[in-house]
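Engineer: Let me begin by handing over the structure; questions about it come next.
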Amino acid sequence: MTLEILYEDNHVIAVTKPNNIPVQADDSNDKDMLTIVKEYIKEKYNKPGNVFLGLVHRLDRPVGGAIVFAKTSKGASRLSNEIRKQTFERKYLTVIEGHLNNSGTLEDYLVKNRKTNTSYVTSKDTKDAKRAVLDYKTIGVDEALSLLEVKLHTGRSHQIRVQLSNQNTPIFGDQRYNKLSKVGEQIALWSSEIKFKHPTKDEIITVTRQPPNRYPWNRFTN
């Protein structure tokens, strides 16, 4: 694959993660984004030995779009701190089955089942339940589908997928949380914008990447 660089300097690199490539190595032994970006840095800058690359945030394997890594330990520490303080802004585009209000906030409590690698909505008092909050805005509709922009306030496992499924508006092509999805359909969830304060400069960095021009995304393009 050809690595698409969205932003790069001494401390930070942002790239496009294609669909269905893991962010880090897993049991599949498939090539992962951490390895791909490390190889790019090693080759471009002729670096000997191991290359440092900090994993700041994650995207689910089937999900594509913008992702940010840290090239230095200082960058990793400061970006991770932004995520803790919720000043590291993440926006997604997603196509859902059905329709929601024009805009709104979803707040739920989620529990992750590590054996099945799935999450589910539960009550606040459930053991290990974690608060999950997102804002959404409807930016396109047709007869059966809607295009939403989603802003995450928390980063729970499979959060957007679970919360939208819980509204009976699951994400198109989500093989795990959408009973209507067909085998072979690609999940319509895309990391479209990341905004953060640069680790060493008094500067806000905004990284954007639009989803691919294919179904169902192209139902909402002019």
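Every chain in the structure tokens has a letter given in the order shown (A, B, ...), and although residue numbers restart at 1 in each chain, ligands are simply numbered from 1 in the order shown.
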Skip Pro199 of chain A itself and residues of its chain fewer than 6 positions away, then list as a PDB file with C-alpha atoms, in the first residue's frame all residues within 7 Å of it, counting only C-alpha atoms.
Structural biologist:
ATOM      1  CA  GLY A  75       4.872  14.220  21.607  1.00  0.00           C
ATOM      2  CA  ARG A  78       1.521  15.515  25.550  1.00  0.00           C
ATOM      3  CA  LEU A  79      -0.961  14.173  23.021  1.00  0.00           C
TER       4      LEU A  79
END
Engineer: DSSP says strand (DSSP E or B) for which residues of segment 85-126 of chain A? Put them as a list in words?
Structural biologist: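 Result set for segment 85-126 of chain A (strand (DSSP E or B)): Glu89, Arg90, Lys91, Tyr92, Leu93, Thr94, Val95, Ile96, Glu97, Ser103, Gly104, Thr105, Leu106, Glu107, Asp108, Tyr109, Leu110, Val111, Lys112, Asn113, Thr118, Ser119, Tyr120, Val121 and Thr122 of chain A.
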Engineer: Hey, can you spit out that residue selection with N, CA and C atoms as a PDB file, in the first residue's frame?
Structural biologist:
ATOM      1  N   GLU A  89      -9.649  16.597  19.720  1.00  0.00           N
ATOM      2  CA  GLU A  89     -10.990  16.502  19.129  1.00  0.00           C
ATOM      3  C   GLU A  89     -11.007  15.511  17.963  1.00  0.00           C
ATOM      4  N   ARG A  90     -11.999  14.615  17.987  1.00  0.00           N
ATOM      5  CA  ARG A  90     -12.139  13.617  16.932  1.00  0.00           C
ATOM      6  C   ARG A  90     -13.545  13.674  16.347  1.00  0.00           C
ATOM      7  N   LYS A  91     -13.620  13.842  15.038  1.00  0.00           N
ATOM      8  CA  LYS A  91     -14.910  13.827  14.350  1.00  0.00           C
ATOM      9  C   LYS A  91     -14.929  12.689  13.331  1.00  0.00           C
ATOM     10  N   TYR A  92     -16.096  12.082  13.216  1.00  0.00           N
ATOM     11  CA  TYR A  92     -16.284  10.972  12.288  1.00  0.00           C
ATOM     12  C   TYR A  92     -17.469  11.272  11.387  1.00  0.00           C
ATOM     13  N   LEU A  93     -17.444  10.688  10.207  1.00  0.00           N
ATOM     14  CA  LEU A  93     -18.626  10.629   9.366  1.00  0.00           C
ATOM     15  C   LEU A  93     -19.119   9.191   9.373  1.00  0.00           C
ATOM     16  N   THR A  94     -20.433   9.018   9.380  1.00  0.00           N
ATOM     17  CA  THR A  94     -20.983   7.671   9.363  1.00  0.00           C
ATOM     18  C   THR A  94     -22.329   7.672   8.656  1.00  0.00           C
ATOM     19  N   VAL A  95     -22.606   6.577   7.981  1.00  0.00           N
ATOM     20  CA  VAL A  95     -23.912   6.388   7.343  1.00  0.00           C
ATOM     21  C   VAL A  95     -24.674   5.353   8.163  1.00  0.00           C
ATOM     22  N   ILE A  96     -25.864   5.738   8.609  1.00  0.00           N
ATOM     23  CA  ILE A  96     -26.674   4.851   9.446  1.00  0.00           C
ATOM     24  C   ILE A  96     -27.918   4.377   8.697  1.00  0.00           C
ATOM     25  N   GLU A  97     -28.459   3.259   9.169  1.00  0.00           N
ATOM     26  CA  GLU A  97     -29.747   2.766   8.672  1.00  0.00           C
ATOM     27  C   GLU A  97     -30.848   3.537   9.409  1.00  0.00           C
ATOM     28  N   SER A 103     -30.002  16.878  15.234  1.00  0.00           N
ATOM     29  CA  SER A 103     -28.783  16.862  16.045  1.00  0.00           C
ATOM     30  C   SER A 103     -29.144  16.396  17.450  1.00  0.00           C
ATOM     31  N   GLY A 104     -28.118  15.998  18.195  1.00  0.00           N
ATOM     32  CA  GLY A 104     -28.391  15.544  19.550  1.00  0.00           C
ATOM     33  C   GLY A 104     -27.138  15.020  20.223  1.00  0.00           C
ATOM     34  N   THR A 105     -27.305  14.623  21.466  1.00  0.00           N
ATOM     35  CA  THR A 105     -26.231  14.028  22.260  1.00  0.00           C
ATOM     36  C   THR A 105     -26.679  12.658  22.743  1.00  0.00           C
ATOM     37  N   LEU A 106     -25.812  11.676  22.601  1.00  0.00           N
ATOM     38  CA  LEU A 106     -26.088  10.348  23.139  1.00  0.00           C
ATOM     39  C   LEU A 106     -25.177  10.121  24.331  1.00  0.00           C
ATOM     40  N   GLU A 107     -25.785   9.760  25.456  1.00  0.00           N
ATOM     41  CA  GLU A 107     -25.024   9.446  26.667  1.00  0.00           C
ATOM     42  C   GLU A 107     -25.488   8.089  27.182  1.00  0.00           C
ATOM     43  N   ASP A 108     -24.560   7.153  27.257  1.00  0.00           N
ATOM     44  CA  ASP A 108     -24.871   5.799  27.711  1.00  0.00           C
ATOM     45  C   ASP A 108     -23.754   5.311  28.618  1.00  0.00           C
ATOM     46  N   TYR A 109     -23.986   4.152  29.214  1.00  0.00           N
ATOM     47  CA  TYR A 109     -22.931   3.463  29.966  1.00  0.00           C
ATOM     48  C   TYR A 109     -22.653   2.133  29.265  1.00  0.00           C
ATOM     49  N   LEU A 110     -21.383   1.888  28.978  1.00  0.00           N
ATOM     50  CA  LEU A 110     -20.993   0.720  28.201  1.00  0.00           C
ATOM     51  C   LEU A 110     -20.120  -0.224  29.020  1.00  0.00           C
ATOM     52  N   VAL A 111     -20.286  -1.491  28.731  1.00  0.00           N
ATOM     53  CA  VAL A 111     -19.416  -2.528  29.288  1.00  0.00           C
ATOM     54  C   VAL A 111     -18.815  -3.302  28.120  1.00  0.00           C
ATOM     55  N   LYS A 112     -17.532  -3.596  28.215  1.00  0.00           N
ATOM     56  CA  LYS A 112     -16.874  -4.375  27.171  1.00  0.00           C
ATOM     57  C   LYS A 112     -16.744  -5.830  27.603  1.00  0.00           C
ATOM     58  N   ASN A 113     -17.168  -6.732  26.719  1.00  0.00           N
ATOM     59  CA  ASN A 113     -16.972  -8.165  26.918  1.00  0.00           C
ATOM     60  C   ASN A 113     -15.678  -8.546  26.203  1.00  0.00           C
ATOM     61  N   THR A 118     -16.800  -7.362  22.177  1.00  0.00           N
ATOM     62  CA  THR A 118     -17.962  -6.532  21.874  1.00  0.00           C
ATOM     63  C   THR A 118     -18.312  -5.708  23.109  1.00  0.00           C
ATOM     64  N   SER A 119     -19.003  -4.594  22.875  1.00  0.00           N
ATOM     65  CA  SER A 119     -19.482  -3.758  23.979  1.00  0.00           C
ATOM     66  C   SER A 119     -20.999  -3.681  23.917  1.00  0.00           C
ATOM     67  N   TYR A 120     -21.597  -3.342  25.032  1.00  0.00           N
ATOM     68  CA  TYR A 120     -23.058  -3.230  25.060  1.00  0.00           C
ATOM     69  C   TYR A 120     -23.465  -2.151  26.057  1.00  0.00           C
ATOM     70  N   VAL A 121     -24.649  -1.578  25.818  1.00  0.00           N
ATOM     71  CA  VAL A 121     -25.199  -0.537  26.683  1.00  0.00           C
ATOM     72  C   VAL A 121     -25.809  -1.193  27.920  1.00  0.00           C
ATOM     73  N   THR A 122     -25.548  -0.600  29.072  1.00  0.00           N
ATOM     74  CA  THR A 122     -26.038  -1.153  30.329  1.00  0.00           C
ATOM     75  C   THR A 122     -26.431  -0.009  31.254  1.00  0.00           C
TER      76      THR A 122
END
Engineer: For Ala66 of chain A, which of A:Thr208, A:Ser157, A:Ser123, A:Thr221 is the closest residue, counting only C-alpha atoms?
Structural biologist: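 Looking only at the distances to Ala66 of chain A, the closest residue turns out to be A:Thr208.
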Engineer: Write out as a PyMOL selection string which residues come within 7 Å of Val63 of chain A when counting only C-alpha atoms, dropping same-chain ones fewer than 4 positions away.
Structural biologist: chain A and resi 19-20+59+187+189-190
Engineer: Could you find all residues in segment 51-180 of chain A that DSSP calls alpha helix (DSSP H) from the backbone, and write them as a short mmCIF file (atom, residue, chain, number, x, y, z; two decimals) with C-alpha atoms, in the first residue's frame?
Structural biologist:
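See part-v2.cif below for the written result:
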data_model
loop_
_atom_site.label_atom_id
_atom_site.label_comp_id
_atom_site.auth_asym_id
_atom_site.auth_seq_id
_atom_site.Cartn_x
_atom_site.Cartn_y
_atom_site.Cartn_z
CA SER A 73 8.18 10.46 23.54
CA LYS A 74 7.46 14.11 24.38
CA GLY A 75 4.87 14.22 21.61
CA ALA A 76 3.30 10.97 22.81
CA SER A 77 3.07 12.16 26.40
CA ARG A 78 1.52 15.51 25.55
CA LEU A 79 -0.96 14.17 23.02
CA SER A 80 -2.02 11.43 25.45
CA ASN A 81 -2.58 14.15 28.05
CA GLU A 82 -4.80 16.04 25.59
CA ILE A 83 -6.90 12.90 25.16
CA ARG A 84 -7.23 12.58 28.95
CA LYS A 85 -8.32 16.23 29.18
CA GLN A 159 -18.48 3.47 21.17
CA ILE A 160 -20.04 5.04 18.07
CA ARG A 161 -21.07 1.64 16.71
CA VAL A 162 -22.75 0.52 19.94
CA GLN A 163 -24.47 3.80 20.78
CA LEU A 164 -25.99 4.19 17.30
CA SER A 165 -27.06 0.55 17.22
CA ASN A 166 -28.77 1.11 20.58
#
Engineer: Between A:Asp142, A:Glu203, A:Asp60, A:Glu4, which residue has the minimum interatomic distance to Ile36 of chain A, considering only C-alpha atoms?
Structural biologist: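 Checking each candidate against Ile36 of chain A, we get A:Glu4 as the closest.
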Engineer: Give me, please, the distance in Å between atom CA of Ile67 of chain A and atom CA of Ser191 of chain A, quoted to one decimal.
Structural biologist: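 Between atom CA of Ile67 of chain A and atom CA of Ser191 of chain A the gap works out to 7.5 Å.
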Engineer: Find the residues near Gln186 of chain A: any atom within 10 Å, counting only C-alpha atoms, skip ones fewer than 6 places away on the same chain, and give them as a PyMOL selection string.
Structural biologist: chain A and resi 19-20+62-63+172-175+215-216
Engineer: Restricting the output to N, CA and C atoms, write the selected residues as an mmCIF file, in the first residue's frame.
Structural biologist:
data_model
loop_
_atom_site.group_PDB
_atom_site.id
_atom_site.type_symbol
_atom_site.label_atom_id
_atom_site.label_comp_id
_atom_site.auth_asym_id
_atom_site.auth_seq_id
_atom_site.Cartn_x
_atom_site.Cartn_y
_atom_site.Cartn_z
ATOM 1 N N ASN A 19 -9.306 1.089 5.253
ATOM 2 C CA ASN A 19 -10.203 0.127 5.886
ATOM 3 C C ASN A 19 -9.513 -1.231 6.037
ATOM 4 N N ASN A 20 -9.842 -1.907 7.127
ATOM 5 C CA ASN A 20 -9.487 -3.317 7.346
ATOM 6 C C ASN A 20 -8.005 -3.585 7.589
ATOM 7 N N PRO A 62 -11.910 -2.361 10.971
ATOM 8 C CA PRO A 62 -12.623 -2.101 9.713
ATOM 9 C C PRO A 62 -12.766 -0.619 9.373
ATOM 10 N N VAL A 63 -12.522 0.263 10.331
ATOM 11 C CA VAL A 63 -12.745 1.704 10.145
ATOM 12 C C VAL A 63 -11.524 2.352 9.495
ATOM 13 N N PHE A 172 -24.343 1.411 8.647
ATOM 14 C CA PHE A 172 -24.377 0.604 7.428
ATOM 15 C C PHE A 172 -23.123 -0.274 7.346
ATOM 16 N N GLY A 173 -23.331 -1.558 7.088
ATOM 17 C CA GLY A 173 -22.209 -2.462 6.871
ATOM 18 C C GLY A 173 -21.476 -2.910 8.119
ATOM 19 N N ASP A 174 -21.985 -2.562 9.284
ATOM 20 C CA ASP A 174 -21.317 -2.967 10.528
ATOM 21 C C ASP A 174 -21.653 -4.432 10.813
ATOM 22 N N GLN A 175 -20.697 -5.302 10.528
ATOM 23 C CA GLN A 175 -20.945 -6.746 10.638
ATOM 24 C C GLN A 175 -21.194 -7.188 12.081
ATOM 25 N N TYR A 215 -20.274 3.603 -2.586
ATOM 26 C CA TYR A 215 -21.505 3.356 -1.844
ATOM 27 C C TYR A 215 -21.171 2.931 -0.415
ATOM 28 N N PRO A 216 -21.877 3.434 0.618
ATOM 29 C CA PRO A 216 -23.025 4.350 0.539
ATOM 30 C C PRO A 216 -22.666 5.831 0.619
#
Engineer: Grab the atom CA of Val51 of chain A to atom CA of Ala70 of chain A distance for me, in Å with one decimal place.
Structural biologist: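 Between atom CA of Val51 of chain A and atom CA of Ala70 of chain A the gap works out to 11.2 Å.
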Engineer: Which of these, A:Arg176, A:Lys197, A:Lys151, A:Arg58, has the shortest distance to Thr116 of chain A once you count only C-alpha atoms?
Structural biologist: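 Among the listed residues, A:Arg176 lies closest to Thr116 of chain A.
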Engineer: Just the residues within 10 Å of Asp30 of chain A, please, counting only C-alpha atoms, with nothing from its chain fewer than 4 positions along; format it as a short mmCIF file (atom, residue, chain, number, x, y, z; two decimals) with C-alpha atoms, in the first residue's frame.
Structural biologist:
data_model
loop_
_atom_site.label_atom_id
_atom_site.label_comp_id
_atom_site.auth_asym_id
_atom_site.auth_seq_id
_atom_site.Cartn_x
_atom_site.Cartn_y
_atom_site.Cartn_z
CA ASN A 20 -9.49 -3.32 7.35
CA ILE A 21 -5.86 -2.74 8.36
CA PRO A 22 -5.18 -3.10 12.12
CA GLN A 24 -1.25 -2.42 15.80
CA ALA A 25 -0.20 -6.05 15.46
CA ASP A 26 -2.84 -8.62 16.37
#
Engineer: Do you have the atom CA of Val68 of chain A-atom CA of Glu39 of chain A distance handy?
Structural biologist: 15.8 Å
Engineer: Identify which of the residues A:Pro211, A:Arg61, A:Glu8, A:Glu143 lies closest to Ser192 of chain A, counting only C-alpha atoms when measuring atom-to-atom distances.
Structural biologist: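 The closest residue to Ser192 of chain A is A:Pro211.
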Engineer: Which residue gives the smallest distance to Leu34 of chain A among A:Trp217, A:Lys71, A:Tyr7, A:Asn46, with only C-alpha atoms counted?
Structural biologist: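 Going through A:Trp217, A:Lys71, A:Tyr7, A:Asn46 one by one, the smallest distance to Leu34 of chain A is for A:Lys71.
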Engineer: Using only C-alpha atoms, pick whichever of A:Gly54, A:Thr206, A:Gln86, A:Asn178 has the shortest atom-to-atom distance to Leu134 of chain A.
Structural biologist: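 Between A:Gly54, A:Thr206, A:Gln86, A:Asn178, the residue approaching Leu134 of chain A most closely is A:Gln86.
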